>>> print(open('data_17.txt').read())   # compact mmCIF, C-alpha atoms
# COMPACT_ATOMS: atom_id res chain seq x y z
CA MET G 1 21.23 32.93 -29.38
CA ARG G 2 20.57 29.37 -30.48
CA GLN G 3 21.52 26.91 -27.75
CA ARG G 4 21.92 23.17 -27.93
CA GLY G 5 22.70 21.32 -24.73
CA GLN G 6 21.14 19.85 -21.62
CA ARG G 7 17.49 20.85 -21.16
CA GLU G 8 15.39 21.20 -18.01
CA VAL G 9 11.75 20.76 -19.04
CA PHE G 10 8.82 18.38 -18.55
CA CYS G 11 7.91 15.97 -21.36
CA GLY G 12 4.81 16.23 -23.55
CA LEU G 13 2.87 13.73 -21.43
CA THR G 14 2.21 16.38 -18.80
CA SER G 15 -0.07 18.38 -21.13
CA ILE G 16 -2.65 15.65 -20.48
CA ILE G 17 -3.15 17.24 -17.04
CA TRP G 18 -5.06 20.14 -18.61
CA LEU G 19 -6.28 18.39 -21.78
CA HIS G 20 -8.25 15.70 -19.94
CA ARG G 21 -10.22 18.35 -18.08
CA LYS G 22 -11.28 20.01 -21.32
CA MET G 23 -12.98 17.01 -22.95
CA PRO G 24 -15.00 15.05 -20.37
CA ASP G 25 -15.80 12.23 -22.82
CA ALA G 26 -12.16 11.71 -23.87
CA PHE G 27 -9.67 9.36 -22.20
CA PHE G 28 -5.88 9.54 -22.58
CA LEU G 29 -4.12 6.17 -22.39
CA ILE G 30 -0.35 6.57 -22.07
CA VAL G 31 1.57 3.63 -23.50
CA GLY G 32 4.66 3.80 -21.33
CA SER G 33 6.52 2.73 -18.22
CA ARG G 34 5.74 2.87 -14.52
CA THR G 35 7.86 6.03 -14.44
CA CYS G 36 5.34 7.65 -16.82
CA ALA G 37 2.50 6.60 -14.51
CA HIS G 38 4.27 7.99 -11.41
CA LEU G 39 5.04 11.25 -13.23
CA MET G 40 1.40 11.78 -14.16
CA GLN G 41 0.08 10.82 -10.74
CA SER G 42 2.44 13.22 -8.99
CA ALA G 43 2.05 16.05 -11.49
CA ALA G 44 -1.76 15.86 -11.38
CA GLY G 45 -2.06 15.12 -7.66
CA VAL G 46 -4.68 12.44 -8.36
CA MET G 47 -5.91 10.79 -5.18
CA ILE G 48 -6.35 7.04 -4.98
CA PHE G 49 -10.15 7.22 -4.96
CA ALA G 50 -10.39 9.65 -7.90
CA GLU G 51 -11.59 8.66 -11.38
CA PRO G 52 -9.19 10.48 -13.69
CA ARG G 53 -9.57 10.43 -17.46
CA PHE G 54 -6.04 9.24 -18.08
CA ALA G 55 -4.09 6.08 -17.27
CA THR G 56 -0.96 4.19 -18.27
CA ALA G 57 -0.76 0.93 -20.18
CA VAL G 58 2.49 -0.20 -18.57
CA ILE G 59 5.24 -1.64 -20.77
CA ASP G 60 6.88 -4.30 -18.58
CA GLU G 61 10.22 -6.07 -18.85
CA ARG G 62 8.64 -8.98 -20.72
CA ASP G 63 7.32 -6.53 -23.31
CA LEU G 64 10.73 -4.93 -23.73
CA ALA G 65 12.33 -8.37 -24.04
CA GLY G 66 9.97 -9.33 -26.85
CA MET G 67 8.31 -12.08 -24.82
CA ALA G 68 4.82 -10.64 -25.32
CA ASP G 69 2.87 -9.40 -28.33
CA LEU G 70 2.56 -5.71 -27.56
CA HIS G 71 -0.46 -5.24 -29.79
CA GLU G 72 -2.35 -8.06 -28.08
CA GLU G 73 -1.43 -6.60 -24.68
CA LEU G 74 -2.62 -3.15 -25.75
CA ASP G 75 -5.86 -4.54 -27.19
CA ARG G 76 -6.54 -6.30 -23.89
CA VAL G 77 -6.00 -3.10 -21.88
CA VAL G 78 -8.26 -1.10 -24.22
CA GLU G 79 -11.05 -3.70 -24.09
CA ARG G 80 -10.93 -3.72 -20.29
CA LEU G 81 -10.90 0.08 -20.13
CA LEU G 82 -13.88 0.56 -22.47
CA ALA G 83 -15.87 -2.10 -20.63
CA ARG G 84 -15.25 -0.29 -17.34
CA ARG G 85 -15.76 3.24 -18.70
CA PRO G 86 -18.60 3.08 -21.28
CA GLU G 87 -18.90 6.88 -21.30
CA ILE G 88 -15.65 7.22 -23.27
CA ARG G 89 -16.27 8.64 -26.76
CA MET G 90 -12.66 9.34 -27.72
CA LEU G 91 -9.71 7.18 -26.70
CA VAL G 92 -6.31 8.74 -27.28
CA LEU G 93 -3.22 6.49 -27.35
CA VAL G 94 -0.28 8.61 -26.18
CA GLY G 95 3.25 7.53 -27.05
CA SER G 96 6.06 7.88 -24.52
CA CYS G 97 9.83 7.41 -24.48
CA PRO G 98 9.62 3.59 -24.03
CA SER G 99 7.07 3.14 -26.81
CA GLU G 100 9.19 5.34 -29.09
CA VAL G 101 12.35 3.36 -28.29
CA ILE G 102 10.77 -0.01 -29.09
CA LYS G 103 9.08 1.44 -32.19
CA LEU G 104 5.52 0.53 -31.21
CA ASP G 105 3.33 1.88 -34.00
CA LEU G 106 0.46 3.48 -32.10
CA GLY G 107 -0.95 5.00 -35.29
CA LYS G 108 -1.60 1.54 -36.70
CA ALA G 109 -2.95 0.40 -33.33
CA ALA G 110 -5.40 3.33 -33.29
CA GLU G 111 -6.57 2.46 -36.82
CA ARG G 112 -7.11 -1.19 -35.87
CA LEU G 113 -8.93 -0.38 -32.63
CA GLY G 114 -10.91 2.37 -34.32
CA ALA G 115 -12.26 -0.04 -36.89
CA ARG G 116 -13.28 -2.40 -34.08
CA HIS G 117 -14.99 0.17 -31.85
CA ALA G 118 -16.43 2.65 -34.37
CA PRO G 119 -18.69 4.55 -34.34
CA ALA G 120 -19.12 4.47 -30.56
CA VAL G 121 -15.49 5.39 -29.81
CA ARG G 122 -13.12 7.50 -31.90
CA MET G 123 -9.46 6.43 -31.68
CA LEU G 124 -6.50 8.81 -31.99
CA SER G 125 -2.78 8.66 -31.31
CA TYR G 126 0.06 11.12 -30.87
CA SER G 127 3.52 11.19 -29.32
CA GLY G 128 4.12 12.86 -25.94
CA SER G 129 7.61 11.40 -25.66
CA GLY G 130 10.18 13.49 -23.81
CA ILE G 131 12.67 12.48 -26.49
CA GLU G 132 10.69 14.57 -28.96
CA THR G 133 8.51 17.02 -27.05
CA THR G 134 8.47 19.62 -24.31
CA PHE G 135 5.38 19.73 -22.12
CA THR G 136 3.30 22.26 -24.07
CA GLU G 137 4.08 20.50 -27.35
CA GLY G 138 1.99 17.60 -26.11
CA GLU G 139 -1.09 19.78 -26.58
CA ASP G 140 0.14 20.73 -30.06
CA ARG G 141 0.53 17.04 -31.03
CA PHE G 142 -2.95 16.21 -29.73
CA LEU G 143 -4.68 19.06 -31.56
CA ALA G 144 -2.78 18.25 -34.76
CA ALA G 145 -4.05 14.66 -34.44
CA LEU G 146 -7.62 15.99 -34.28
CA VAL G 147 -7.35 17.95 -37.53
CA PRO G 148 -7.64 14.97 -39.95
CA GLN G 149 -10.83 13.98 -38.10
CA MET G 150 -12.48 17.38 -38.69
CA PRO G 151 -15.15 17.43 -41.41
CA ALA G 152 -14.66 19.52 -44.56
CA GLU G 153 -16.75 22.68 -44.69
CA ALA G 154 -19.53 22.88 -47.26
CA GLN G 155 -18.70 24.53 -50.59
CA ASP G 156 -21.14 27.37 -49.89
CA ALA G 157 -20.08 27.77 -46.26
CA PRO G 158 -19.94 31.34 -44.89
CA PRO G 159 -16.71 32.60 -43.28
CA SER G 160 -16.14 31.01 -39.89
CA LEU G 161 -13.58 31.30 -37.10
CA ILE G 162 -11.67 28.57 -35.28
CA VAL G 163 -9.81 29.46 -32.08
CA ALA G 164 -7.11 26.82 -31.60
CA GLY G 165 -5.60 26.18 -28.18
CA CYS G 166 -6.82 24.76 -24.90
CA LEU G 167 -8.52 27.48 -22.84
CA ALA G 168 -10.24 27.24 -19.49
CA ASP G 169 -14.01 27.04 -19.93
CA VAL G 170 -14.53 30.41 -18.22
CA VAL G 171 -12.11 32.08 -20.65
CA GLU G 172 -13.66 30.36 -23.66
CA ASP G 173 -17.12 31.54 -22.58
CA GLN G 174 -15.85 35.13 -22.21
CA PHE G 175 -14.34 35.12 -25.70
CA ARG G 176 -17.46 33.55 -27.17
CA ARG G 177 -19.61 36.36 -25.74
CA ILE G 178 -17.25 39.00 -27.18
CA PHE G 179 -17.27 37.38 -30.62
CA GLU G 180 -21.07 37.22 -30.55
CA ALA G 181 -21.31 40.89 -29.56
CA LEU G 182 -18.96 41.77 -32.44
CA GLY G 183 -21.11 39.80 -34.88
CA ILE G 184 -18.33 37.32 -35.63
CA GLY G 185 -19.47 33.77 -36.28
CA PRO G 186 -19.85 30.93 -36.46
CA VAL G 187 -17.02 30.47 -33.93
CA ALA G 188 -15.62 27.12 -32.80
CA PHE G 189 -12.92 26.27 -30.29
CA LEU G 190 -10.33 23.51 -30.70
CA PRO G 191 -10.32 21.31 -28.71
CA PRO G 192 -14.10 21.20 -28.35
CA ARG G 193 -15.78 20.22 -25.10
CA SER G 194 -17.14 17.05 -26.67
CA ALA G 195 -15.46 14.48 -28.90
CA GLY G 196 -18.41 14.66 -31.30
CA ALA G 197 -18.29 18.45 -31.72
CA LEU G 198 -15.27 18.81 -34.00
CA PRO G 199 -15.76 21.90 -36.21
CA SER G 200 -15.58 21.83 -39.99
CA VAL G 201 -12.61 23.43 -41.73
CA GLY G 202 -11.84 24.71 -45.23
CA PRO G 203 -10.95 27.80 -47.29
CA GLN G 204 -13.62 29.94 -45.59
CA THR G 205 -12.16 29.21 -42.13
CA ARG G 206 -10.21 31.93 -40.33
CA LEU G 207 -7.80 30.70 -37.66
CA LEU G 208 -6.75 32.41 -34.43
CA LEU G 209 -4.13 30.75 -32.23
CA ALA G 210 -4.73 31.10 -28.50
CA GLN G 211 -1.29 29.63 -27.67
CA PRO G 212 2.11 30.32 -29.27
CA TYR G 213 3.25 26.68 -29.19
CA LEU G 214 0.78 25.28 -31.74
CA ALA G 215 3.10 25.04 -34.75
CA GLU G 216 1.96 21.60 -35.97
CA THR G 217 -1.71 22.38 -35.34
CA ALA G 218 -1.51 25.59 -37.36
CA ARG G 219 0.31 23.80 -40.18
CA ALA G 220 -2.31 21.02 -40.26
CA LEU G 221 -5.24 23.47 -40.28
CA GLN G 222 -3.62 25.60 -42.97
CA GLY G 223 -3.14 22.41 -44.96
CA ARG G 224 -6.93 21.99 -44.82
CA GLY G 225 -7.39 25.53 -46.20
CA ALA G 226 -7.71 27.63 -43.02
CA GLN G 227 -6.32 31.17 -43.16
CA LEU G 228 -4.15 32.09 -40.16
CA LEU G 229 -4.71 35.55 -38.66
CA ALA G 230 -1.49 37.16 -37.43
CA ALA G 231 -1.82 38.66 -33.95
CA PRO G 232 -0.13 38.91 -30.56
CA PHE G 233 -1.48 36.36 -28.10
CA PRO G 234 -4.37 37.26 -25.77
CA LEU G 235 -2.37 38.02 -22.62
CA GLY G 236 -3.04 41.30 -20.86
CA GLU G 237 -5.13 44.21 -22.08
CA GLN G 238 -2.94 45.06 -25.07
CA GLY G 239 -2.45 41.50 -26.29
CA THR G 240 -6.13 40.62 -25.94
CA THR G 241 -7.21 43.79 -27.75
CA ALA G 242 -4.85 43.16 -30.67
CA TRP G 243 -5.89 39.49 -30.84
CA LEU G 244 -9.59 40.33 -30.98
CA LEU G 245 -8.92 43.14 -33.47
CA ALA G 246 -7.30 40.67 -35.89
CA ALA G 247 -10.55 38.68 -35.92
CA ALA G 248 -12.68 41.83 -36.15
CA ASP G 249 -10.75 43.10 -39.17
CA ALA G 250 -11.02 39.70 -40.89
CA PHE G 251 -14.81 39.78 -40.48
CA GLY G 252 -15.30 43.44 -41.44
CA VAL G 253 -16.27 44.73 -37.98
CA THR G 254 -16.17 48.53 -37.83
CA ARG G 255 -13.80 50.22 -35.39
CA GLU G 256 -16.76 51.94 -33.74
CA ARG G 257 -18.47 48.65 -32.97
CA PHE G 258 -15.18 47.10 -31.87
CA ALA G 259 -14.58 49.94 -29.41
CA ALA G 260 -18.14 49.75 -28.05
CA VAL G 261 -17.82 46.01 -27.38
CA THR G 262 -14.26 45.89 -26.03
CA ASP G 263 -13.79 49.20 -24.18
CA PRO G 264 -15.46 48.01 -20.93
CA GLY G 265 -13.24 44.90 -20.82
CA ARG G 266 -10.14 46.95 -21.66
CA ALA G 267 -10.92 49.35 -18.81
CA ARG G 268 -11.38 46.49 -16.34
CA ALA G 269 -8.10 44.93 -17.43
CA ARG G 270 -6.16 48.20 -17.09
CA THR G 271 -7.60 48.79 -13.62
CA ALA G 272 -6.76 45.26 -12.46
CA VAL G 273 -3.20 45.39 -13.83
CA ALA G 274 -2.55 48.86 -12.37
CA ARG G 275 -2.89 47.41 -8.88
CA TYR G 276 0.29 45.40 -9.42
CA ARG G 277 2.37 47.96 -11.30
CA PRO G 278 3.96 49.51 -8.15
CA MET G 279 5.23 46.04 -7.15
CA LEU G 280 6.63 45.14 -10.59
CA GLU G 281 7.67 48.39 -12.27
CA GLY G 282 11.43 48.51 -12.83
CA LYS G 283 11.95 44.89 -11.74
CA ARG G 284 14.32 42.79 -13.85
CA LEU G 285 13.02 39.40 -15.03
CA PHE G 286 14.90 36.48 -16.54
CA PHE G 287 13.02 33.77 -18.48
CA PHE G 288 14.36 30.23 -18.73
CA PRO G 289 13.00 28.23 -21.71
CA ASP G 290 10.07 26.07 -20.65
CA SER G 291 6.56 26.66 -22.02
CA GLN G 292 7.05 28.75 -25.21
CA LEU G 293 4.84 31.39 -23.56
CA GLU G 294 7.95 33.37 -22.62
CA PRO G 295 7.93 36.03 -25.41
CA SER G 296 4.23 36.80 -24.85
CA MET G 297 4.69 37.00 -21.07
CA ALA G 298 7.73 39.26 -21.49
CA ARG G 299 5.74 41.57 -23.78
CA PHE G 300 2.93 41.84 -21.23
CA LEU G 301 5.30 42.49 -18.33
CA HIS G 302 7.40 45.03 -20.22
CA ARG G 303 4.61 47.05 -21.83
CA GLU G 304 1.86 46.90 -19.19
CA LEU G 305 3.83 46.63 -15.94
CA GLY G 306 7.07 48.45 -16.74
CA CYS G 307 9.36 45.47 -16.11
CA GLU G 308 12.86 45.20 -17.53
CA ILE G 309 13.58 41.93 -19.32
CA ALA G 310 17.09 40.56 -18.81
CA GLU G 311 16.67 37.58 -21.18
CA ILE G 312 13.85 35.72 -22.93
CA GLY G 313 14.54 32.01 -23.23
CA SER G 314 12.16 29.71 -25.10
CA PRO G 315 12.47 26.04 -26.13
CA PHE G 316 11.44 26.92 -29.71
CA LEU G 317 10.63 30.16 -31.49
CA HIS G 318 8.15 30.01 -34.34
CA ARG G 319 9.15 33.28 -35.92
CA THR G 320 6.01 33.75 -38.01
CA HIS G 321 3.65 33.19 -35.09
CA LEU G 322 5.72 35.36 -32.74
CA ALA G 323 6.49 38.22 -35.14
CA PRO G 324 3.62 40.38 -33.78
CA GLU G 325 4.97 39.86 -30.24
CA PHE G 326 8.56 40.76 -31.08
CA ALA G 327 7.32 43.87 -32.90
CA LEU G 328 6.10 45.12 -29.51
CA LEU G 329 9.39 44.44 -27.67
CA PRO G 330 12.67 46.39 -27.76
CA ASP G 331 15.21 44.74 -30.06
CA THR G 332 17.86 45.12 -27.34
CA ILE G 333 16.47 42.24 -25.22
CA PRO G 334 18.62 39.08 -25.49
CA ILE G 335 16.61 36.12 -26.81
CA SER G 336 17.72 32.49 -26.62
CA GLU G 337 16.16 29.53 -28.42
CA GLY G 338 16.74 26.04 -27.07
CA GLN G 339 18.75 25.50 -23.94
CA ASP G 340 22.20 24.83 -22.57
CA VAL G 341 21.18 24.92 -18.93
CA ASP G 342 24.64 25.41 -17.40
CA ARG G 343 25.43 28.40 -19.60
CA GLN G 344 22.03 29.92 -19.00
CA LEU G 345 22.42 29.47 -15.25
CA ASP G 346 25.71 31.34 -15.48
CA ARG G 347 24.02 34.23 -17.30
CA CYS G 348 21.17 34.29 -14.78
CA ARG G 349 23.59 34.39 -11.81
CA ALA G 350 25.53 37.20 -13.46
CA GLU G 351 22.32 39.21 -13.99
CA ARG G 352 20.93 38.62 -10.45
CA PRO G 353 17.38 39.39 -11.66
CA ASP G 354 14.61 40.35 -9.27
CA LEU G 355 12.52 37.41 -10.53
CA THR G 356 13.48 34.29 -12.47
CA VAL G 357 10.75 32.42 -14.41
CA CYS G 358 11.80 28.78 -14.73
CA GLY G 359 10.79 25.14 -14.38
CA MET G 360 10.33 23.49 -10.99
CA GLY G 361 13.63 21.61 -11.28
CA LEU G 362 15.60 24.87 -11.28
CA ALA G 363 13.47 26.88 -8.87
CA ASN G 364 14.63 25.41 -5.54
CA PRO G 365 18.38 25.65 -6.30
CA LEU G 366 17.96 29.26 -7.42
CA GLU G 367 15.87 30.10 -4.36
CA ALA G 368 18.67 28.65 -2.22
CA GLU G 369 21.01 31.13 -3.91
CA GLY G 370 18.74 34.02 -2.94
CA LEU G 371 16.92 34.46 -6.27
CA ALA G 372 13.12 34.79 -6.25
CA THR G 373 11.52 32.41 -8.77
CA LYS G 374 8.23 31.77 -10.51
CA TRP G 375 7.25 28.28 -11.72
CA SER G 376 6.54 28.63 -15.42
CA ILE G 377 4.24 25.58 -15.44
CA GLU G 378 1.75 27.54 -13.30
CA LEU G 379 1.32 29.98 -16.19
CA VAL G 380 -0.11 27.11 -18.25
CA PHE G 381 -2.40 25.67 -15.57
CA THR G 382 -3.92 29.03 -14.57
CA PRO G 383 -6.58 30.83 -16.67
CA VAL G 384 -4.61 33.90 -17.82
CA GLN G 385 -5.99 34.81 -21.27
CA GLY G 386 -8.43 37.64 -21.84
CA PHE G 387 -9.38 40.97 -20.28
CA ASP G 388 -10.83 39.61 -17.05
CA GLN G 389 -7.76 37.48 -16.30
CA ALA G 390 -5.18 40.25 -16.87
CA GLY G 391 -5.03 41.12 -13.18
CA ASP G 392 -4.65 37.47 -12.23
CA LEU G 393 -1.75 37.17 -14.68
CA ALA G 394 0.01 40.17 -13.16
CA GLY G 395 -0.60 38.76 -9.68
CA LEU G 396 1.20 35.52 -10.58
CA PHE G 397 4.41 37.52 -11.04
CA ALA G 398 3.86 39.86 -8.10
CA ARG G 399 3.32 37.15 -5.47
CA PRO G 400 6.87 35.68 -5.52
CA LEU G 401 8.29 39.17 -5.02
CA GLN G 402 5.87 39.84 -2.16
CA ARG G 403 6.84 36.52 -0.59
CA ALA G 404 10.55 37.29 -0.91
CA GLU G 405 9.99 40.69 0.71
CA ARG G 406 8.10 39.17 3.66
CA LEU G 407 10.80 36.56 4.20
CA LYS G 408 13.64 39.07 4.42
CA VAL G 409 15.44 38.86 7.76
CA GLY G 410 16.60 42.06 9.35
CA ILE G 411 20.15 42.23 10.66
>>> encode(input="data_17.txt", output="structure tokens")
Amino acid sequence: MRQRGQREVFCGLTSIIWLHRKMPDAFFLIVGSRTCAHLMQSAAGVMIFAEPRFATAVIDERDLAGMADLHEELDRVVERLLARRPEIRMLVLVGSCPSEVIKLDLGKAAERLGARHAPAVRMLSYSGSGIETTFTEGEDRFLAALVPQMPAEAQDAPPSLIVAGCLADVVEDQFRRIFEALGIGPVAFLPPRSAGALPSVGPQTRLLLAQPYLAETARALQGRGAQLLAAPFPLGEQGTTAWLLAAADAFGVTRERFAAVTDPGRARARTAVARYRPMLEGKRLFFFPDSQLEPSMARFLHRELGCEIAEIGSPFLHRTHLAPEFALLPDTIPISEGQDVDRQLDRCRAERPDLTVCGMGLANPLEAEGLATKWSIELVFTPVQGFDQAGDLAGLFARPLQRAERLKVGI
């Protein structure tokens, strides 16, 4: 089903909550309203005495009325910020709904400020506007903005691997150790942990996506010559194995070596997931469209935990990237792209699933109707990729059911 109607999803600004943790020398400056600032403060839970690596350059009424030169105002905010935070090595101007509406050209602003502050500070811009993006697409826009800054690989460069997608440091370190043990390298992760550590890219680059929502990033990297490796995404034992195998095959790793390196991790993952199978086997799940992780999560739950999937909803479906996932799912599962929230709520109520995966705005009303829910945004904030996180991923779905069981009132 392709749906077009009212949506219930966070805007692309909220991806900053996990992006700013990944690059300690980067700073995200939202060019938006006080509403944008309040959203980020509440979503991130930043206390008043904290020193976050994001802020909002507030567009006031006088700016909207054309009484101020927006570029001069923005320059003043940037100068003050860099004077106060000299450790910043990358300043990212993030567009919002207000800056999109008044057509403020942040790309030109980044070029102008970049020329002024280079080489000490690299300037980038992208749009996180809710008019254009859902919350995970903010990460996609940011990574795509990094690609033009990446150096070209040398003509005699050996084959290399780029893993694109923001991963928790502990997960990145685990994957790096596995790649090293397999003899795959050099390996780089995008985004890097430092603004100055952007990897080179070219025809010898192999590309693995760690997240299914990186359509623009993949297109930009392929435009620089990178070769995309088709694979399911690294969620659960099966997804992680297939993801690593795609890289191993591209680098000529023998199946014997692959098994020797990955079998211990696969065994740990199966053992950890098995603990939750009695709680989840046979349970019916309904996915509202939110993060674009929904097909991969459904595959993990269906194949490794025995869940029944009532519907998979996703804001967008990149069919090429998700083809390996859908190949592992029954073709009888209803799939919806986009959202008409009222119609989807009707389908969910008719199904009465055991667990509904949805955004926070829908969770409380559905809980009030007696439906157990799981906040989909938690699946993005929590480290869930890889063998050693497979049990944690299963636990995220088991806990709401355990809570609902404990809260049952006997008659």
>>> closest_residue(input="data_17.txt", among="G:Glu325, G:Arg255, G:Val187, G:Leu214", to="G:Trp243", atoms="only C-alpha atoms")
G:Glu325
>>> closest_atom_pairs(input="data_17.txt", of="stretch 205-286 of chain G", to="stretch 173-179 of chain G", cutoff="10 Å", atoms="all atoms listed in the file", output="JSON lines")
{"residue": "G:Thr240", "atom": "CA", "partner": "G:Phe175", "partner_atom": "CA", "distance": 9.9}
{"residue": "G:Leu244", "atom": "CA", "partner": "G:Phe179", "partner_atom": "CA", "distance": 8.2}
{"residue": "G:Ala247", "atom": "CA", "partner": "G:Phe179", "partner_atom": "CA", "distance": 8.7}
{"residue": "G:Ala248", "atom": "CA", "partner": "G:Phe179", "partner_atom": "CA", "distance": 8.5}
{"residue": "G:Phe258", "atom": "CA", "partner": "G:Ile178", "partner_atom": "CA", "distance": 9.6}
{"residue": "G:Val261", "atom": "CA", "partner": "G:Ile178", "partner_atom": "CA", "distance": 7.0}
{"residue": "G:Thr262", "atom": "CA", "partner": "G:Ile178", "partner_atom": "CA", "distance": 7.6}
{"residue": "G:Gly265", "atom": "CA", "partner": "G:Ile178", "partner_atom": "CA", "distance": 9.6}
>>> closest_residue(input="data_17.txt", among="G:Ala259, G:Val121, G:Ile17, G:Leu182", to="G:Gly138", atoms="all atoms listed in the file")
G:Ile17
>>> closest_residue(input="data_17.txt", among="G:Ala154, G:Gly185, G:Val384, G:Leu245", to="G:Gly202", atoms="all atoms listed in the file")
G:Ala154
>>> residues_around(input="data_17.txt", residues="stretch 320-322 of chain G", least_positions_apart="6", cutoff="10 Å", atoms="only C-alpha atoms", output="MDAnalysis selection string")
chainID G and resid 209 211:215 218 228:233 295:296
>>> closest_residue(input="data_17.txt", among="G:Arg21, G:Arg80, G:His302, G:Arg141", to="G:Phe286", atoms="all atoms listed in the file")
G:His302
>>> atom_distance(input="data_17.txt", atom1="atom CA of G:Lys22", atom2="atom CA of G:Glu216")
19.8 Å
>>> closest_residue(input="data_17.txt", among="G:Ile377, G:Leu396, G:Leu190, G:Cys11", to="G:Leu280", atoms="all atoms listed in the file")
G:Leu396
>>> residues_around(input="data_17.txt", residues="G:Gln339", least_positions_apart="3", cutoff="10 Å", atoms="all atoms listed in the file", output="list in words")
Met1, Arg2, Gln3, Arg4, Gly5, Gln6, Arg7, Glu8, Val9, Phe288, Pro289, Asp290, Gly313, Ser314, Pro315, Phe316, Ser336, Asp342, Arg343 and Gln344 of chain G
>>> write_last_selection(input="data_17.txt", atoms="C-alpha atoms", output="PDB file, in the coordinates of the input")
ATOM      1  CA  MET G   1      21.230  32.930 -29.380  1.00  0.00           C
ATOM      2  CA  ARG G   2      20.570  29.370 -30.480  1.00  0.00           C
ATOM      3  CA  GLN G   3      21.520  26.910 -27.750  1.00  0.00           C
ATOM      4  CA  ARG G   4      21.920  23.170 -27.930  1.00  0.00           C
ATOM      5  CA  GLY G   5      22.700  21.320 -24.730  1.00  0.00           C
ATOM      6  CA  GLN G   6      21.140  19.850 -21.620  1.00  0.00           C
ATOM      7  CA  ARG G   7      17.490  20.850 -21.160  1.00  0.00           C
ATOM      8  CA  GLU G   8      15.390  21.200 -18.010  1.00  0.00           C
ATOM      9  CA  VAL G   9      11.750  20.760 -19.040  1.00  0.00           C
ATOM     10  CA  PHE G 288      14.360  30.230 -18.730  1.00  0.00           C
ATOM     11  CA  PRO G 289      13.000  28.230 -21.710  1.00  0.00           C
ATOM     12  CA  ASP G 290      10.070  26.070 -20.650  1.00  0.00           C
ATOM     13  CA  GLY G 313      14.540  32.010 -23.230  1.00  0.00           C
ATOM     14  CA  SER G 314      12.160  29.710 -25.100  1.00  0.00           C
ATOM     15  CA  PRO G 315      12.470  26.040 -26.130  1.00  0.00           C
ATOM     16  CA  PHE G 316      11.440  26.920 -29.710  1.00  0.00           C
ATOM     17  CA  SER G 336      17.720  32.490 -26.620  1.00  0.00           C
ATOM     18  CA  ASP G 342      24.640  25.410 -17.400  1.00  0.00           C
ATOM     19  CA  ARG G 343      25.430  28.400 -19.600  1.00  0.00           C
ATOM     20  CA  GLN G 344      22.030  29.920 -19.000  1.00  0.00           C
TER      21      GLN G 344
END
>>> closest_residue(input="data_17.txt", among="G:Pro334, G:Arg206, G:Thr14, G:Phe54", to="G:Ser127", atoms="all atoms listed in the file")
G:Thr14
>>> atom_distance(input="data_17.txt", atom1="atom CA of G:Phe251", atom2="atom CA of G:Ala152")
20.7 Å
>>> residues_around(input="data_17.txt", residues="G:Val201", least_positions_apart="3", cutoff="7 Å", atoms="all atoms listed in the file", output="PyMOL selection string")
chain G and resi 150-153+205+224+226
>>> residues_around(input="data_17.txt", residues="G:Pro192", least_positions_apart="4", cutoff="9 Å", atoms="all atoms listed in the file", output="NGL selection string")
:G and (22-23 or 166 or 188 or 196-199)
>>> decode(input="data_17.txt", residues="stretch 135-145 of chain G", atoms="N, CA and C atoms", output="short mmCIF file (atom, residue, chain, number, x, y, z; two decimals), in the first residue's frame")
data_model
loop_
_atom_site.label_atom_id
_atom_site.label_comp_id
_atom_site.auth_asym_id
_atom_site.auth_seq_id
_atom_site.Cartn_x
_atom_site.Cartn_y
_atom_site.Cartn_z
N PHE G 135 12.70 11.84 10.99
CA PHE G 135 13.82 12.07 11.89
C PHE G 135 15.08 11.31 11.51
N THR G 136 14.99 10.12 10.95
CA THR G 136 16.22 9.44 10.56
C THR G 136 16.82 10.02 9.28
N GLU G 137 15.99 10.67 8.46
CA GLU G 137 16.53 11.28 7.24
C GLU G 137 17.46 12.44 7.55
N GLY G 138 17.38 13.00 8.75
CA GLY G 138 18.34 14.02 9.12
C GLY G 138 19.75 13.49 9.07
N GLU G 139 19.96 12.26 9.57
CA GLU G 139 21.29 11.65 9.49
C GLU G 139 21.70 11.46 8.04
N ASP G 140 20.77 11.02 7.20
CA ASP G 140 21.07 10.82 5.78
C ASP G 140 21.53 12.13 5.14
N ARG G 141 20.82 13.23 5.42
CA ARG G 141 21.19 14.53 4.84
C ARG G 141 22.58 14.96 5.32
N PHE G 142 22.88 14.72 6.59
CA PHE G 142 24.18 15.12 7.12
C PHE G 142 25.31 14.32 6.46
N LEU G 143 25.15 13.01 6.39
CA LEU G 143 26.21 12.18 5.79
C LEU G 143 26.37 12.50 4.31
N ALA G 144 25.26 12.76 3.62
CA ALA G 144 25.37 13.14 2.20
C ALA G 144 26.12 14.45 2.05
N ALA G 145 25.96 15.37 3.02
CA ALA G 145 26.69 16.64 2.97
C ALA G 145 28.18 16.44 3.21
#
